[in-house]
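The structure under discussion appears below in the form of C-alpha cells.
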Amino acid sequence: MKTVIKNGRLLDSKNNFHMTRADILIEDGIIKKIGENINEEDSKVIDVKDSIVAPGFIDIHVHCFPKGTAISSLPDEIGVKRGVTSIIDAGTSGADTIDDFYENFIKKSKTRIFAYLNIAHQGLKTLSELSDMKNIDREKIKESLEKYPEIIVGLKARASGSVVKENGVNPIAEGKKIASEFEIPLVVHIGNAPPKVEEVLDLLGEGDVVTHCYNNKVNGLIKEGKVISEAREAIKRGVLFDIGHGSESFSLDTAEEGIKEGFEADMISTDLYERNMITPVGSLENTMNKMIYLGWSVEKCVEKVTYEPARAFKLKGLGELKEGYMGDLTIFDIVENGKLELKDSVNKVITAEKYIKTKYVFIKDELIKKEDI
C-alpha cells in the first residue's frame, strides 16, 4: 500500500527539517521518499494542508497492562487516540505477566508498545511490589528478556518508601546489578524516602533513566531551588532524566527552577493511566505544552518525544523522518494566540497562549484522528 502525505511542514531537526515544506511517500508502513511534489502512481494522497508533520510521538512512561494491576489503562486510549504512535509500559507487567501482556494487548493494539519489565516478577499487582526482596527473580527476568528482546527495552524499579518498605535502597541496587548483567537500562521512579534519592543516583550509570525529575517532593532532585550535586554527577556519567508527569510527580515551579539551573530533562513523558487521563496529565501533548509555557521551543519538545527516546531505548526505525524508517507520524498545528488552561500535579493552574494541538497520527498505513480529551 502506498500513501503520499502532501503539503506538510516537516519538523525533525535531526534530519534538518525545520518546518520544511515537503511530501512523504510511505509504502507498506515504511518511508520510501521525502521530497517536493511527490506524485506516485496508485497511491493514496493525504493532504495535511500546511500542518506540521513530525516523527510519531513516543511516550516513554505509561501504564497500559489493564489486567489485575493496581494502575493502568487501555493502550490505544493513551496512544494513538492521544496523538502518540509508540508507548513504553513502565513496569506494569513483570515476568509472570509479560506473556499475557504480549498476546492480549501488545499484539492487538494499533499503538506500538514496548515495555520496561518490572524487576518484581508479579509487576504492579500491588503498589508495594518491592517490599519483599524475594519478588526479584533474576532467572525469570532472564527468561523474559530472551523471549521478548524486541519488546523489553529496559527494567523498571520504583524507589519510594511505600514500594520498598523496610528494604531501603536494596531492591534498586539489585535491579541495577541485573540490568548491568544483561546490558539493559534501568529506569527508576523516584518518590518519597526511603531510599534517599542521593543513594539511588549513586547506583546509576550511562543509559539508566530517572523518571519524575521535576517532582517537588522533599526527596527530589531540586532542593531549595538548587539541583543536588548527585544529580549533576549522574549527568556526567550519562544518566538520563525524564519528566514522567503523573498524578503527583510534576511541579511547574520545580521545573522552572531546574531549567534556570541548567537542569534540562532529556525526555518528556506522561505516566498516564486511568486516574490521570483527564487531569492533571491528559496527554503527552499537554505535558509538552507545559514545557512550551516554561520557554522550551516546539522543536525542542518534539525532539524529546521522538529522536531522544528512540536513541535512549534503541527503538529501531523510530524517532526520525528518514527513508527506510517506519512511517509513523504525528500531525499537529501550533496555536499562537489561544487560551489553554493546564494544571500540574500540585494544582498550580496556568493559561498557555502558545501550544500545539495534535490532529492525526499516521501509523501502519492508517490515518487516525486524535480524539478530543
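FYI, nothing fancy with the C-alpha cells labels: chains A, B, ... in order, residues from 1 per chain, ligands from 1 as they appear.
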
I'd like a table as JSON lines: residues in stretch 129-212 of chain A with an atom no more than 12 Å from stretch 80-87 of chain A, each row giving the shortest atom pair and its distance in Å to one decimal, only C-alpha atoms counted, sorted by chain and rising residue number.
```
{"residue": "A:Ile151", "atom": "CA", "partner": "A:Ile87", "partner_atom": "CA", "distance": 11.0}
{"residue": "A:Ile152", "atom": "CA", "partner": "A:Ile87", "partner_atom": "CA", "distance": 11.9}
{"residue": "A:Val153", "atom": "CA", "partner": "A:Ile87", "partner_atom": "CA", "distance": 11.4}
```

With all heavy atoms retained, could you export that selection as a PDB file, in the first residue's frame?
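The result, stored in again-v7.pdb:
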```pdb
ATOM      1  N   ILE A 151      10.776  -6.278  22.451  1.00  0.00           N
ATOM      2  CA  ILE A 151       9.719  -5.592  23.202  1.00  0.00           C
ATOM      3  C   ILE A 151      10.253  -4.974  24.488  1.00  0.00           C
ATOM      4  O   ILE A 151       9.962  -3.818  24.807  1.00  0.00           O
ATOM      5  CB  ILE A 151       8.568  -6.572  23.540  1.00  0.00           C
ATOM      6  CG1 ILE A 151       7.926  -7.109  22.260  1.00  0.00           C
ATOM      7  CG2 ILE A 151       7.529  -5.900  24.443  1.00  0.00           C
ATOM      8  CD1 ILE A 151       7.245  -6.053  21.406  1.00  0.00           C
ATOM      9  N   ILE A 152      11.038  -5.730  25.244  1.00  0.00           N
ATOM     10  CA  ILE A 152      11.536  -5.242  26.532  1.00  0.00           C
ATOM     11  C   ILE A 152      12.782  -4.388  26.298  1.00  0.00           C
ATOM     12  O   ILE A 152      13.813  -4.884  25.850  1.00  0.00           O
ATOM     13  CB  ILE A 152      11.847  -6.407  27.481  1.00  0.00           C
ATOM     14  CG1 ILE A 152      10.584  -7.242  27.735  1.00  0.00           C
ATOM     15  CG2 ILE A 152      12.399  -5.874  28.814  1.00  0.00           C
ATOM     16  CD1 ILE A 152      10.837  -8.524  28.521  1.00  0.00           C
ATOM     17  N   VAL A 153      12.663  -3.091  26.591  1.00  0.00           N
ATOM     18  CA  VAL A 153      13.757  -2.155  26.295  1.00  0.00           C
ATOM     19  C   VAL A 153      14.415  -1.621  27.567  1.00  0.00           C
ATOM     20  O   VAL A 153      15.311  -0.777  27.504  1.00  0.00           O
ATOM     21  CB  VAL A 153      13.259  -0.993  25.421  1.00  0.00           C
ATOM     22  CG1 VAL A 153      12.798  -1.515  24.062  1.00  0.00           C
ATOM     23  CG2 VAL A 153      12.138  -0.208  26.105  1.00  0.00           C
TER      24      VAL A 153
END
```

Please tabulate, as CSV, the residues of stretch 97-200 of chain A that come within 10 Å of stretch 243-255 of chain A, each with its closest pair of atoms and the distance in Å to one decimal, counting only C-alpha atoms and ordering rows by chain, then residue number upward.
```
residue,atom,partner,partner_atom,distance
A:His189,CA,A:Gly244,CA,8.8
A:Ile190,CA,A:Ser249,CA,9.0
A:Gly191,CA,A:Ser249,CA,8.0
```

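Nearest to A:Ile184 of all the residues A:Asp208, A:Glu257, A:Asp132, A:Asp23 is A:Asp208, based on only C-alpha atoms.
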
Handout entry: Spatial neighbours of stretch 297-303 of chain A, 9 Å, only C-alpha atoms, chain gap at least 6 places, as an MDAnalysis selection string
Key = chainID A and resid 11:14 18 54:55 57 267:268 288:289 291 309 319 334 355:356

Using only C-alpha atoms, which residues of stretch 102-157 of chain A come within 10 Å of stretch 58-74 of chain A, and what is the closest atom pair for each, with the distance in Å to one decimal? Give it as JSON lines, sorted by chain and residue number.
```
{"residue": "A:Tyr102", "atom": "CA", "partner": "A:Phe65", "partner_atom": "CA", "distance": 9.4}
{"residue": "A:Asn104", "atom": "CA", "partner": "A:Phe65", "partner_atom": "CA", "distance": 9.3}
{"residue": "A:Phe105", "atom": "CA", "partner": "A:Phe65", "partner_atom": "CA", "distance": 7.3}
{"residue": "A:Ile106", "atom": "CA", "partner": "A:Phe65", "partner_atom": "CA", "distance": 9.0}
{"residue": "A:Ser109", "atom": "CA", "partner": "A:Leu74", "partner_atom": "CA", "distance": 9.0}
{"residue": "A:Arg112", "atom": "CA", "partner": "A:Ile58", "partner_atom": "CA", "distance": 9.2}
{"residue": "A:Ile113", "atom": "CA", "partner": "A:Cys64", "partner_atom": "CA", "distance": 8.9}
{"residue": "A:Phe114", "atom": "CA", "partner": "A:Ile60", "partner_atom": "CA", "distance": 8.7}
{"residue": "A:Ala115", "atom": "CA", "partner": "A:Ile60", "partner_atom": "CA", "distance": 8.9}
{"residue": "A:Tyr116", "atom": "CA", "partner": "A:His61", "partner_atom": "CA", "distance": 9.1}
{"residue": "A:Gln122", "atom": "CA", "partner": "A:Thr69", "partner_atom": "CA", "distance": 9.4}
{"residue": "A:Gly123", "atom": "CA", "partner": "A:Thr69", "partner_atom": "CA", "distance": 7.8}
{"residue": "A:Leu124", "atom": "CA", "partner": "A:Thr69", "partner_atom": "CA", "distance": 5.4}
{"residue": "A:Lys125", "atom": "CA", "partner": "A:Thr69", "partner_atom": "CA", "distance": 4.4}
{"residue": "A:Thr126", "atom": "CA", "partner": "A:Ala70", "partner_atom": "CA", "distance": 5.5}
{"residue": "A:Leu127", "atom": "CA", "partner": "A:Ala70", "partner_atom": "CA", "distance": 6.7}
```

Exercise for the section: Can you check which residues of stretch 104-198 of chain A DSSP gives as strand (DSSP E) on the backbone and send them as a ChimeraX atom specification? Expected result: /A:112-118,152-159,186-190
